[in-house]
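**Student:** Structure supplied as model35.cif; contents: mmCIF, C-alpha atoms.
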data_target
#
loop_
_atom_site.label_atom_id
_atom_site.label_comp_id
_atom_site.auth_asym_id
_atom_site.auth_seq_id
_atom_site.Cartn_x
_atom_site.Cartn_y
_atom_site.Cartn_z
CA MET L 1 0.00 0.00 0.00
CA PRO L 2 1.46 3.43 -0.95
CA TRP L 3 0.87 4.93 2.47
CA ALA L 4 2.67 8.24 1.87
CA LEU L 5 0.61 8.94 -1.24
CA LEU L 6 -2.60 7.89 0.51
CA ALA L 7 -1.84 10.27 3.39
CA ALA L 8 -1.27 13.18 0.98
CA ALA L 9 -4.40 12.24 -0.99
CA CYS L 10 -6.42 12.05 2.24
CA LEU L 11 -5.22 15.54 3.16
CA GLY L 12 -6.20 16.81 -0.30
CA MET L 13 -9.68 15.32 0.04
CA PHE L 14 -9.91 16.84 3.51
CA ALA L 15 -9.15 20.30 2.12
CA ALA L 16 -11.55 19.91 -0.80
CA SER L 17 -14.39 18.65 1.39
CA SER L 18 -13.72 21.20 4.13
CA SER L 19 -13.91 24.04 1.61
CA GLY L 20 -17.67 23.45 1.58
CA THR L 21 -18.59 21.52 4.72
CA THR L 22 -16.98 23.99 7.12
CA ARG L 23 -19.59 26.53 6.04
CA ALA L 24 -22.36 24.36 7.51
CA PRO L 25 -22.19 25.73 11.10
CA PHE L 26 -22.21 29.30 9.76
CA LEU L 27 -25.22 29.31 7.44
CA LEU L 28 -27.15 31.58 9.79
CA ASP L 29 -24.12 33.85 10.35
CA MET L 30 -23.42 34.07 6.63
CA SER L 31 -27.07 34.85 5.97
CA ARG L 32 -26.90 37.83 8.31
CA ASP L 33 -23.44 38.96 7.17
CA LEU L 34 -24.26 38.80 3.45
CA SER L 35 -27.87 40.03 3.79
CA ALA L 36 -29.14 36.93 2.01
CA SER L 37 -31.78 34.35 2.87
CA LEU L 38 -30.83 31.03 4.45
CA ALA L 39 -31.90 29.18 1.29
CA MET L 40 -29.64 31.37 -0.86
CA VAL L 41 -26.66 30.76 1.42
CA ALA L 42 -27.35 27.01 1.46
CA ASN L 43 -27.44 27.05 -2.33
CA LEU L 44 -23.82 28.20 -2.40
CA MET L 45 -23.15 24.49 -2.01
CA ALA L 46 -25.16 23.87 -5.17
CA MET L 47 -22.99 26.37 -7.09
CA THR L 48 -19.88 24.64 -5.79
CA SER L 49 -21.26 21.23 -6.77
CA ILE L 50 -22.06 22.25 -10.34
CA ALA L 51 -18.59 23.68 -10.89
CA TRP L 52 -17.02 20.68 -9.15
CA GLY L 53 -18.84 18.24 -11.40
CA VAL L 54 -18.12 20.04 -14.67
CA SER L 55 -14.41 20.46 -13.99
CA SER L 56 -14.03 16.86 -12.83
CA LEU L 57 -15.59 15.66 -16.06
CA PHE L 58 -12.84 17.31 -18.10
CA ALA L 59 -9.99 16.82 -15.63
CA GLY L 60 -10.48 13.05 -15.48
CA ALA L 61 -10.38 12.69 -19.27
CA TRP L 62 -7.47 15.11 -19.68
CA SER L 63 -5.46 13.32 -16.98
CA ASP L 64 -5.76 10.08 -18.97
CA ARG L 65 -4.24 11.83 -21.97
CA TRP L 66 -1.64 14.15 -20.48
CA GLY L 67 -0.90 12.75 -17.03
CA ARG L 68 -2.33 13.25 -13.56
CA ARG L 69 0.41 15.27 -11.88
CA PRO L 70 -0.56 18.76 -13.12
CA PHE L 71 -4.06 18.25 -11.71
CA LEU L 72 -2.85 16.73 -8.44
CA ILE L 73 -0.68 19.77 -7.70
CA GLY L 74 -2.42 22.63 -9.49
CA GLY L 75 -5.88 21.77 -8.17
CA PRO L 76 -5.12 22.27 -4.45
CA LEU L 77 -3.18 25.46 -5.18
CA GLY L 78 -6.12 26.89 -7.16
CA LEU L 79 -8.47 25.84 -4.36
CA ALA L 80 -6.33 27.75 -1.84
CA ALA L 81 -6.42 30.92 -3.98
CA SER L 82 -10.21 30.64 -4.35
CA LEU L 83 -10.69 30.35 -0.59
CA VAL L 84 -8.72 33.55 -0.14
CA GLY L 85 -11.29 35.07 -2.49
CA VAL L 86 -14.10 33.76 -0.28
CA ALA L 87 -12.51 35.36 2.78
CA VAL L 88 -12.15 38.82 1.22
CA SER L 89 -15.45 38.95 -0.70
CA PRO L 90 -17.69 41.82 0.45
CA GLY L 91 -21.10 40.51 -0.68
CA TYR L 92 -23.17 37.46 -1.57
CA TRP L 93 -22.48 37.40 -5.30
CA SER L 94 -18.73 37.82 -4.94
CA VAL L 95 -18.77 34.94 -2.46
CA ALA L 96 -20.78 32.95 -5.01
CA VAL L 97 -18.10 33.55 -7.66
CA ALA L 98 -15.34 32.54 -5.25
CA VAL L 99 -17.02 29.31 -4.11
CA THR L 100 -17.72 28.43 -7.75
CA ALA L 101 -14.00 28.82 -8.48
CA ALA L 102 -13.22 26.69 -5.42
CA GLY L 103 -15.51 23.97 -6.73
CA THR L 104 -13.81 24.14 -10.13
CA PHE L 105 -10.35 23.57 -8.69
CA ALA L 106 -11.55 20.93 -6.21
CA GLY L 107 -13.18 18.99 -9.02
CA GLY L 108 -9.96 19.29 -10.98
CA PHE L 109 -8.08 17.01 -8.61
CA THR L 110 -10.42 14.89 -6.46
CA GLY L 111 -11.29 12.37 -9.17
CA VAL L 112 -7.68 12.36 -10.35
CA ILE L 113 -6.48 11.58 -6.81
CA MET L 114 -8.67 8.47 -6.73
CA ALA L 115 -7.41 7.40 -10.15
CA GLU L 116 -3.81 7.79 -8.95
CA ALA L 117 -4.46 5.75 -5.80
CA SER L 118 -6.17 3.06 -7.89
CA ALA L 119 -3.27 2.90 -10.34
CA ARG L 120 -0.82 2.24 -7.49
CA THR L 121 -2.80 -0.67 -5.96
CA VAL L 122 -4.14 -4.04 -7.12
CA ASP L 123 -7.88 -4.73 -7.33
CA ARG L 124 -8.25 -6.39 -3.92
CA GLN L 125 -6.47 -3.49 -2.21
CA ARG L 126 -8.52 -0.75 -3.82
CA GLY L 127 -11.46 -0.84 -1.46
CA ARG L 128 -9.16 -0.08 1.48
CA ALA L 129 -6.95 2.35 -0.46
CA LEU L 130 -9.89 4.36 -1.76
CA GLY L 131 -11.48 4.14 1.67
CA TRP L 132 -8.46 5.93 3.12
CA VAL L 133 -8.56 8.56 0.39
CA MET L 134 -12.25 9.15 1.02
CA ALA L 135 -11.56 9.23 4.76
CA GLY L 136 -10.46 12.79 4.10
CA GLN L 137 -14.15 13.65 3.75
CA SER L 138 -14.88 11.92 7.04
CA PHE L 139 -12.03 13.72 8.79
CA SER L 140 -13.55 16.93 7.45
CA LEU L 141 -16.63 16.11 9.52
CA LEU L 142 -14.70 14.79 12.52
CA LEU L 143 -12.08 17.53 12.73
CA GLY L 144 -12.83 20.19 10.12
CA VAL L 145 -16.43 21.07 10.95
CA PRO L 146 -16.18 20.89 14.76
CA LEU L 147 -12.91 22.83 14.78
CA ALA L 148 -14.38 25.34 12.34
CA ALA L 149 -17.43 25.75 14.58
CA TRP L 150 -15.19 26.36 17.60
CA VAL L 151 -12.48 28.46 15.96
CA GLY L 152 -15.06 30.35 13.91
CA THR L 153 -16.42 31.75 17.15
CA TYR L 154 -13.19 33.80 17.31
CA ILE L 155 -12.13 34.29 13.67
CA GLY L 156 -15.48 34.06 11.88
CA TRP L 157 -16.40 32.11 8.77
CA ARG L 158 -13.99 34.18 6.66
CA GLY L 159 -11.05 33.20 8.86
CA VAL L 160 -12.08 29.55 8.58
CA ALA L 161 -11.91 29.84 4.77
CA LEU L 162 -8.32 31.11 5.03
CA ALA L 163 -7.37 28.23 7.32
CA VAL L 164 -8.74 25.64 4.89
CA GLY L 165 -6.79 27.33 2.09
CA GLY L 166 -3.59 26.79 4.08
CA ILE L 167 -4.37 23.08 4.39
CA ALA L 168 -4.87 22.90 0.61
CA VAL L 169 -1.35 24.29 0.10
CA LEU L 170 0.05 21.57 2.41
CA ALA L 171 -1.82 18.92 0.38
CA ALA L 172 -0.30 20.25 -2.85
CA ILE L 173 3.20 19.95 -1.35
CA GLY L 174 2.49 16.39 -0.19
CA LEU L 175 1.20 15.31 -3.60
CA LEU L 176 4.18 16.97 -5.31
CA VAL L 177 6.59 14.88 -3.25
CA THR L 178 4.72 11.55 -3.39
CA THR L 179 4.16 11.51 -7.16
CA LEU L 180 7.77 12.05 -8.25
CA THR L 181 7.82 8.44 -9.49
CA PRO L 182 5.07 7.71 -12.06
CA ALA L 183 2.45 5.10 -11.25
CA GLU L 184 2.87 3.38 -14.60
CA ALA L 185 5.13 3.37 -17.62
CA PRO L 186 4.51 6.15 -20.18
CA ARG L 187 2.03 5.20 -22.87
CA ARG L 188 3.18 4.81 -26.43
CA GLY L 189 2.12 7.46 -28.89
CA SER L 190 0.47 4.87 -31.14
CA ALA L 191 -1.92 3.74 -28.43
CA ALA L 192 -5.56 4.65 -28.93
CA ARG L 193 -6.56 7.72 -27.02
CA PRO L 194 -9.22 7.26 -24.33
CA SER L 195 -12.61 8.74 -25.09
CA MET L 196 -15.58 9.78 -22.99
CA ARG L 197 -17.89 7.69 -25.15
CA GLY L 198 -15.77 4.59 -24.68
CA ALA L 199 -15.77 5.01 -20.91
CA MET L 200 -19.55 5.39 -20.58
CA SER L 201 -20.58 1.75 -20.88
CA GLY L 202 -23.84 0.41 -19.50
CA PRO L 203 -22.33 -1.02 -16.28
CA VAL L 204 -20.44 2.21 -15.64
CA LEU L 205 -23.59 4.32 -16.11
CA ARG L 206 -25.41 2.09 -13.64
CA LEU L 207 -22.66 2.58 -11.06
CA LEU L 208 -22.70 6.33 -11.65
CA ALA L 209 -26.46 6.46 -11.02
CA MET L 210 -25.93 4.55 -7.77
CA GLY L 211 -23.36 7.17 -6.81
CA VAL L 212 -25.88 9.98 -7.36
CA ALA L 213 -28.31 8.31 -4.97
CA GLU L 214 -25.64 7.73 -2.33
CA ARG L 215 -24.34 11.30 -2.52
CA LEU L 216 -27.86 12.68 -2.18
CA CYS L 217 -28.29 10.78 1.09
CA TYR L 218 -24.86 11.83 2.35
CA GLY L 219 -25.17 15.43 1.18
CA ILE L 220 -28.38 16.11 3.08
CA SER L 221 -26.71 15.13 6.34
CA VAL L 222 -23.58 17.19 5.63
CA VAL L 223 -25.24 20.37 4.38
CA TYR L 224 -28.15 20.59 6.82
CA PHE L 225 -27.41 18.51 9.92
CA ALA L 226 -25.74 21.30 11.87
CA THR L 227 -28.67 23.61 11.08
CA PHE L 228 -31.07 20.79 12.00
CA LEU L 229 -29.47 20.53 15.44
CA GLN L 230 -29.44 24.30 15.91
CA ALA L 231 -33.07 24.74 14.93
CA THR L 232 -34.35 21.68 16.82
CA TYR L 233 -32.41 22.00 20.06
CA GLY L 234 -31.38 25.67 20.09
CA LEU L 235 -27.64 24.99 19.87
CA THR L 236 -25.06 27.63 19.02
CA PRO L 237 -22.42 27.06 16.28
CA ALA L 238 -19.94 26.10 19.02
CA GLY L 239 -22.57 23.86 20.61
CA VAL L 240 -22.81 21.60 17.57
CA ALA L 241 -19.08 20.82 17.63
CA ILE L 242 -19.28 17.74 19.89
CA PRO L 243 -22.41 16.24 18.23
CA LEU L 244 -20.85 16.68 14.79
CA ALA L 245 -17.61 15.08 15.99
CA VAL L 246 -19.52 12.05 17.30
CA ILE L 247 -21.37 11.71 14.01
CA ALA L 248 -18.12 12.05 12.06
CA VAL L 249 -16.63 9.13 14.02
CA GLY L 250 -19.45 7.04 12.61
CA ASN L 251 -18.51 8.19 9.11
CA ILE L 252 -14.87 7.20 9.57
CA LEU L 253 -15.72 3.83 11.11
CA GLY L 254 -18.18 3.15 8.31
CA THR L 255 -15.56 3.99 5.68
CA VAL L 256 -13.01 1.66 7.30
CA VAL L 257 -15.52 -1.18 7.65
CA GLY L 258 -16.78 -0.57 4.12
CA GLY L 259 -13.25 -0.74 2.72
CA GLN L 260 -12.64 -4.09 4.41
CA MET L 261 -15.96 -5.45 3.15
CA ALA L 262 -15.28 -4.21 -0.39
CA ASP L 263 -12.02 -6.16 -0.52
CA ARG L 264 -13.24 -9.29 1.25
CA MET L 265 -16.84 -9.80 0.11
CA ARG L 266 -17.40 -11.53 -3.20
CA ASN L 267 -20.10 -9.17 -4.50
CA ARG L 268 -19.41 -5.50 -3.86
CA LEU L 269 -22.80 -4.42 -5.18
CA HIS L 270 -24.57 -6.48 -2.52
CA VAL L 271 -22.56 -4.65 0.14
CA PHE L 272 -23.67 -1.34 -1.36
CA ALA L 273 -27.32 -2.40 -1.54
CA GLY L 274 -27.43 -3.62 2.06
CA ALA L 275 -25.86 -0.44 3.38
CA MET L 276 -28.24 1.80 1.43
CA ALA L 277 -31.30 -0.15 2.56
CA ALA L 278 -30.18 0.21 6.18
CA SER L 279 -29.62 3.95 5.75
CA ALA L 280 -33.18 4.34 4.42
CA VAL L 281 -34.61 2.88 7.64
CA VAL L 282 -32.40 5.01 9.89
CA ALA L 283 -33.13 8.20 7.93
CA LEU L 284 -36.86 7.94 8.64
CA ALA L 285 -36.18 7.70 12.37
CA LEU L 286 -33.47 10.37 12.39
CA TYR L 287 -35.58 13.18 10.96
CA GLY L 288 -39.02 11.98 12.04
CA TRP L 289 -38.39 11.29 15.72
CA THR L 290 -36.65 13.86 17.92
CA PRO L 291 -37.14 12.93 21.59
CA GLY L 292 -33.86 14.49 22.69
CA LEU L 293 -30.40 15.56 21.63
CA VAL L 294 -28.65 12.35 22.75
CA THR L 295 -31.06 10.15 20.78
CA THR L 296 -30.78 12.34 17.68
CA VAL L 297 -26.98 12.27 17.80
CA GLY L 298 -27.07 8.48 18.22
CA LEU L 299 -29.32 8.12 15.19
CA GLY L 300 -27.06 10.47 13.25
CA PHE L 301 -24.09 8.27 14.15
CA ALA L 302 -25.93 5.18 12.92
CA TYR L 303 -27.05 6.92 9.72
CA VAL L 304 -23.63 8.08 8.58
CA PHE L 305 -22.07 4.75 9.63
CA VAL L 306 -24.25 2.62 7.38
CA ASN L 307 -24.13 5.20 4.59
CA ALA L 308 -20.32 5.26 4.67
CA ILE L 309 -20.13 1.46 4.35
CA ALA L 310 -21.59 1.75 0.84
CA ARG L 311 -19.06 4.14 -0.67
CA PRO L 312 -15.82 2.04 -0.82
CA SER L 313 -17.59 -0.83 -2.58
CA LEU L 314 -18.96 1.54 -5.20
CA MET L 315 -15.59 3.22 -5.75
CA ALA L 316 -13.73 -0.09 -5.98
CA ALA L 317 -16.22 -1.30 -8.59
CA LEU L 318 -15.77 1.91 -10.60
CA ALA L 319 -11.97 1.70 -10.39
CA ASN L 320 -11.93 -1.84 -11.79
CA VAL L 321 -11.49 -0.60 -15.38
CA PRO L 322 -8.43 -0.40 -17.67
CA ASP L 323 -5.91 2.22 -16.53
CA GLU L 324 -6.27 4.06 -19.87
CA ILE L 325 -9.81 5.17 -18.95
CA ARG L 326 -9.65 5.06 -15.14
CA GLY L 327 -9.20 8.81 -14.80
CA THR L 328 -12.13 9.41 -17.14
CA VAL L 329 -14.40 7.00 -15.26
CA LEU L 330 -13.52 8.33 -11.82
CA GLY L 331 -13.84 11.88 -13.12
CA LEU L 332 -17.32 10.97 -14.34
CA ASN L 333 -18.03 9.60 -10.88
CA VAL L 334 -17.21 12.94 -9.27
CA THR L 335 -19.32 14.69 -11.89
CA SER L 336 -22.31 12.46 -11.29
CA ALA L 337 -21.82 12.70 -7.53
CA SER L 338 -22.11 16.45 -7.89
CA PHE L 339 -25.68 15.93 -9.05
CA GLY L 340 -26.27 14.21 -5.71
CA TRP L 341 -24.78 17.17 -3.85
CA LEU L 342 -26.85 19.53 -6.00
CA GLY L 343 -29.98 17.59 -5.18
CA ALA L 344 -29.10 17.60 -1.50
CA ALA L 345 -28.62 21.37 -1.42
CA ALA L 346 -31.45 22.38 -3.77
CA LEU L 347 -34.08 19.74 -2.94
CA GLY L 348 -33.14 19.90 0.73
CA GLY L 349 -33.71 23.67 0.77
CA TRP L 350 -37.07 23.27 -0.95
CA VAL L 351 -38.16 20.44 1.38
CA MET L 352 -37.04 22.41 4.44
CA ALA L 353 -39.12 25.41 3.33
CA ALA L 354 -42.18 23.35 2.38
CA ALA L 355 -42.28 20.61 5.04
CA GLY L 356 -39.60 21.37 7.60
CA PHE L 357 -36.77 19.06 8.61
CA GLY L 358 -39.19 16.16 8.90
CA GLY L 359 -39.29 15.98 5.11
CA PHE L 360 -35.61 15.01 4.99
CA GLY L 361 -36.41 11.47 6.17
CA PRO L 362 -38.64 10.45 3.25
CA LEU L 363 -36.34 12.25 0.78
CA SER L 364 -33.24 10.41 2.04
CA ALA L 365 -35.06 7.09 2.26
CA ALA L 366 -36.37 7.33 -1.30
CA ALA L 367 -32.89 8.06 -2.67
CA ALA L 368 -31.38 5.20 -0.66
CA ILE L 369 -33.96 2.67 -1.87
CA ALA L 370 -33.39 3.80 -5.47
CA GLY L 371 -29.64 3.24 -5.07
CA ALA L 372 -30.15 -0.22 -3.53
CA ALA L 373 -32.55 -1.20 -6.33
CA LEU L 374 -29.99 -0.19 -8.98
CA ALA L 375 -27.32 -2.26 -7.24
CA LEU L 376 -29.51 -5.36 -7.16
CA ALA L 377 -30.98 -4.99 -10.65
CA ARG L 378 -29.70 -7.54 -13.12
CA PRO L 379 -28.25 -6.26 -16.40
CA ALA L 380 -30.57 -6.74 -19.37
CA SER L 381 -29.71 -9.81 -21.44
CA ARG L 382 -28.62 -9.36 -25.04
CA GLY L 383 -30.37 -10.67 -28.07
#
As structure tokens - that is how I would like this structure written.

**Tutor:**
Amino acid sequence: MPWALLAAACLGMFAASSSGTTRAPFLLDMSRDLSASLAMVANLMAMTSIAWGVSSLFAGAWSDRWGRRPFLIGGPLGLAASLVGVAVSPGYWSVAVAVTAAGTFAGGFTGVIMAEASARTVDRQRGRALGWVMAGQSFSLLLGVPLAAWVGTYIGWRGVALAVGGIAVLAAIGLLVTTLTPAEAPRRGSAARPSMRGAMSGPVLRLLAMGVAERLCYGISVVYFATFLQATYGLTPAGVAIPLAVIAVGNILGTVVGGQMADRMRNRLHVFAGAMAASAVVALALYGWTPGLVTTVGLGFAYVFVNAIARPSLMAALANVPDEIRGTVLGLNVTSASFGWLGAAALGGWVMAAAGFGGFGPLSAAAAIAGAALALARPASRG
């Protein structure tokens, strides 16, 4: 296992994820500071997701043609510069431009990081390797969001953006050092160039659709859970730090368990389906039953745990393609996942306005069941 590379990749994913998730405890503060509605501030995540998905689509394909290293190093540096723009922006629309740029640069390297980690491991190591890369997102919840909620009490949401930018610079340095040796031999000029059309086979499209469903379930909890706790139990931004840390532990444990299951279980899609079905049940209880803070945090822990089990199996299945199109496929995965994030931010905002937080349970459950059904559906026979 290329542990040094995985550590640098994990840090890069931490920075990319934290560039958006660390805003979650400050939605109300940002709304007041920018003189914008809560729904408009929440939809900054949607702008980030769209830019993230579009840039990942091109970055994955371009990395298959011209190499991954420019994206692995340039992406975090561009993300850092964009977060400086967030910190100094005077109004809502300038913040919107800056977070869109941040999403563009984040999408430019997150899919490429996963392709690089996949290229340096064999198939039955990829569930664990990709689990560690994706653990950067979990650490963003465990460390990034709680620390941001606490530190932001003193430096504000703008200061938090600057801090995340500094972490992105450290990730760029780590990836620069750990990718000095190429993952594979240079391709011959006569080899056929990878194409987007060639990568989008039926099985790959099915996996991508499963990813949209999984990201919708995950995104609702990330974007709105801090606000859910604040509105339901009257917590301050600093007060949600410990509950969010507990929930993030569930995410990390689920990712670790999911990575082991992805490498040891015979059918990775069955692992995904079982985890998504379980998350559907827990989601209904999480948002529909709020007897007290301790119970809600416990249900949140269970929800993110079972949801996180699904992700490594899906990623390992997507990475099991020829190296010539791996960057394209994993870039497509990030692009399609952005639709899940977009749905979480946009649909979640609409559901919150129309039905309150109680509507999140049925929305999450429906997406989870759809993902499980896709995983269990048999491919259509030919002829």

**Student:** Given the file shown, enumerate the residues that the PyMOL selection byres ((chain L and resi 375) around 12) captures and present them as a tab-separated table (two decimals) with C-alpha atoms, in the frame of the given file.

**Tutor:**
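part.tsv, written as the output of this step:
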chain	number	residue	atom	x	y	z
L	203	PRO	CA	-22.33	-1.02	-16.28
L	204	VAL	CA	-20.44	2.21	-15.64
L	205	LEU	CA	-23.59	4.32	-16.11
L	206	ARG	CA	-25.41	2.09	-13.64
L	207	LEU	CA	-22.66	2.58	-11.06
L	208	LEU	CA	-22.70	6.33	-11.65
L	209	ALA	CA	-26.46	6.46	-11.02
L	210	MET	CA	-25.93	4.55	-7.77
L	211	GLY	CA	-23.36	7.17	-6.81
L	213	ALA	CA	-28.31	8.31	-4.97
L	214	GLU	CA	-25.64	7.73	-2.33
L	267	ASN	CA	-20.10	-9.17	-4.50
L	268	ARG	CA	-19.41	-5.50	-3.86
L	269	LEU	CA	-22.80	-4.42	-5.18
L	270	HIS	CA	-24.57	-6.48	-2.52
L	271	VAL	CA	-22.56	-4.65	0.14
L	272	PHE	CA	-23.67	-1.34	-1.36
L	273	ALA	CA	-27.32	-2.40	-1.54
L	274	GLY	CA	-27.43	-3.62	2.06
L	275	ALA	CA	-25.86	-0.44	3.38
L	276	MET	CA	-28.24	1.80	1.43
L	277	ALA	CA	-31.30	-0.15	2.56
L	310	ALA	CA	-21.59	1.75	0.84
L	313	SER	CA	-17.59	-0.83	-2.58
L	314	LEU	CA	-18.96	1.54	-5.20
L	317	ALA	CA	-16.22	-1.30	-8.59
L	368	ALA	CA	-31.38	5.20	-0.66
L	369	ILE	CA	-33.96	2.67	-1.87
L	370	ALA	CA	-33.39	3.80	-5.47
L	371	GLY	CA	-29.64	3.24	-5.07
L	372	ALA	CA	-30.15	-0.22	-3.53
L	373	ALA	CA	-32.55	-1.20	-6.33
L	374	LEU	CA	-29.99	-0.19	-8.98
L	376	LEU	CA	-29.51	-5.36	-7.16
L	377	ALA	CA	-30.98	-4.99	-10.65
L	378	ARG	CA	-29.70	-7.54	-13.12
L	379	PRO	CA	-28.25	-6.26	-16.40

**Student:** Could you list the residues chosen by the PyMOL selection byres ((chain L and resi 12-14) around 6) in this structure as a PyMOL selection string?

**Tutor:** chain L and resi 9-11+15-18+136-137+140+171

**Student:** Which one is closest to Tyr287 of chain L: L:Leu162, L:Tyr303, L:Met265, L:Leu28? Count all atoms listed in the file.

**Tutor:**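 Distance minimum relative to Tyr287 of chain L lands on L:Tyr303.
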
**Student:** Can you tell me how far atom CA of Leu286 of chain L sits from atom CA of Val133 of chain L, in Å to one decimal?

**Tutor:**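 Taking atom CA of Leu286 of chain L and atom CA of Val133 of chain L, their separation equals 27.7 Å.
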
**Student:** List every residue of segment 333-360 of chain L that has an atom at most 12 Å from any atom of segment 110-125 of chain L, and for each one report the closest atom pair and its distance in Å to one decimal, counting only C-alpha atoms, with rows sorted by chain and then by increasing residue number, as a Markdown table.

**Tutor:**
| residue | atom | partner | partner_atom | distance |
| --- | --- | --- | --- | --- |
| L:Asn333 | CA | L:Gly111 | CA | 7.5 |
| L:Val334 | CA | L:Gly111 | CA | 5.9 |
| L:Thr335 | CA | L:Gly111 | CA | 8.8 |
| L:Ser336 | CA | L:Gly111 | CA | 11.2 |
| L:Ala337 | CA | L:Gly111 | CA | 10.7 |
| L:Ser338 | CA | L:Gly111 | CA | 11.6 |

**Student:** Excluding same-chain residues fewer than 6 positions from Leu27 of chain L, what lies within 9 Å of it counting only C-alpha atoms, as a list in words?

**Tutor:**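 That gives Leu38, Val41, Ala42 and Thr227 of chain L.
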
**Student:** Work out how far atom CA of Phe339 of chain L is from atom CA of Ala366 of chain L, in Å to one decimal.

**Tutor:**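 Result for atom CA of Ala366 of chain L versus atom CA of Phe339 of chain L: 15.8 Å, one decimal.
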
**Student:** Can you spell out as an mmCIF file with C-alpha atoms, in the frame of the given file the set of residues that the PyMOL selection byres ((chain L and resi 141-152) around 9) selects in the structure I just provided?

**Tutor:**
data_model
loop_
_atom_site.group_PDB
_atom_site.id
_atom_site.type_symbol
_atom_site.label_atom_id
_atom_site.label_comp_id
_atom_site.auth_asym_id
_atom_site.auth_seq_id
_atom_site.Cartn_x
_atom_site.Cartn_y
_atom_site.Cartn_z
ATOM 1 C CA PHE L 14 -9.910 16.840 3.510
ATOM 2 C CA ALA L 15 -9.150 20.300 2.120
ATOM 3 C CA SER L 17 -14.390 18.650 1.390
ATOM 4 C CA SER L 18 -13.720 21.200 4.130
ATOM 5 C CA THR L 21 -18.590 21.520 4.720
ATOM 6 C CA THR L 22 -16.980 23.990 7.120
ATOM 7 C CA ARG L 23 -19.590 26.530 6.040
ATOM 8 C CA ALA L 24 -22.360 24.360 7.510
ATOM 9 C CA PRO L 25 -22.190 25.730 11.100
ATOM 10 C CA PHE L 26 -22.210 29.300 9.760
ATOM 11 C CA GLY L 136 -10.460 12.790 4.100
ATOM 12 C CA GLN L 137 -14.150 13.650 3.750
ATOM 13 C CA SER L 138 -14.880 11.920 7.040
ATOM 14 C CA PHE L 139 -12.030 13.720 8.790
ATOM 15 C CA SER L 140 -13.550 16.930 7.450
ATOM 16 C CA THR L 153 -16.420 31.750 17.150
ATOM 17 C CA TYR L 154 -13.190 33.800 17.310
ATOM 18 C CA ILE L 155 -12.130 34.290 13.670
ATOM 19 C CA GLY L 156 -15.480 34.060 11.880
ATOM 20 C CA TRP L 157 -16.400 32.110 8.770
ATOM 21 C CA ARG L 158 -13.990 34.180 6.660
ATOM 22 C CA GLY L 159 -11.050 33.200 8.860
ATOM 23 C CA VAL L 160 -12.080 29.550 8.580
ATOM 24 C CA VAL L 164 -8.740 25.640 4.890
ATOM 25 C CA VAL L 222 -23.580 17.190 5.630
ATOM 26 C CA PRO L 237 -22.420 27.060 16.280
ATOM 27 C CA ALA L 238 -19.940 26.100 19.020
ATOM 28 C CA GLY L 239 -22.570 23.860 20.610
ATOM 29 C CA VAL L 240 -22.810 21.600 17.570
ATOM 30 C CA ALA L 241 -19.080 20.820 17.630
ATOM 31 C CA ILE L 242 -19.280 17.740 19.890
ATOM 32 C CA PRO L 243 -22.410 16.240 18.230
ATOM 33 C CA LEU L 244 -20.850 16.680 14.790
ATOM 34 C CA ALA L 245 -17.610 15.080 15.990
ATOM 35 C CA VAL L 246 -19.520 12.050 17.300
ATOM 36 C CA ILE L 247 -21.370 11.710 14.010
ATOM 37 C CA ALA L 248 -18.120 12.050 12.060
ATOM 38 C CA VAL L 249 -16.630 9.130 14.020
ATOM 39 C CA ASN L 251 -18.510 8.190 9.110
ATOM 40 C CA ILE L 252 -14.870 7.200 9.570
#

**Student:** Nearest residue to Val97 of chain L out of L:Ala51, L:Ala285, L:Leu180, L:Ala61, using only C-alpha atoms?

**Tutor:**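 For Val97 of chain L, the nearest of the candidates is L:Ala51.
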
**Student:** Distance atom CA of Gly131 of chain L-atom CA of Val294 of chain L, one decimal place?

**Tutor:** 28.4 Å

**Student:** Restrict the calculation to all atoms listed in the file, then for each residue of segment 128-190 of chain L with any atom at most 10 Å from an atom of segment 68-73 of chain L give the closest atom pair and their distance in Å to one decimal, rows by chain and rising residue number, as CSV.

**Tutor:**
residue,atom,partner,partner_atom,distance
L:Ala168,CA,L:Ile73,CA,9.8
L:Val169,CA,L:Ile73,CA,9.0
L:Ala171,CA,L:Ile73,CA,8.2
L:Ala172,CA,L:Ile73,CA,4.9
L:Ile173,CA,L:Ile73,CA,7.4
L:Gly174,CA,L:Ile73,CA,8.8
L:Leu175,CA,L:Ile73,CA,6.3
L:Leu176,CA,L:Ile73,CA,6.1
L:Val177,CA,L:Ile73,CA,9.8
L:Thr179,CA,L:Arg69,CA,7.1
L:Leu180,CA,L:Arg69,CA,8.8
L:Pro182,CA,L:Arg69,CA,8.9
L:Ala183,CA,L:Arg68,CA,9.7

**Student:** Neighbours of Ala98 of chain L within 8 Å (all atoms listed in the file; same-chain residues fewer than 3 positions away dropped), as a ChimeraX atom specification?

**Tutor:** /L:82-83,85-86,89,94-95,101-102

**Student:** Which residue is closest to Leu5 of chain L? Choose from L:Ser55, L:Ser221, L:Asn43, L:Thr178 and count all atoms listed in the file.

**Tutor:**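 Residue with the minimum atom-to-atom distance to Leu5 of chain L: L:Thr178.
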
**Student:** Can you tell me which residues surround Gly358 of chain L at a distance of at most 8 Å, considering all atoms listed in the file, apart from same-chain residues fewer than 3 positions away, and format the answer as a ChimeraX atom specification?

**Tutor:** /L:287-288,352,355,361
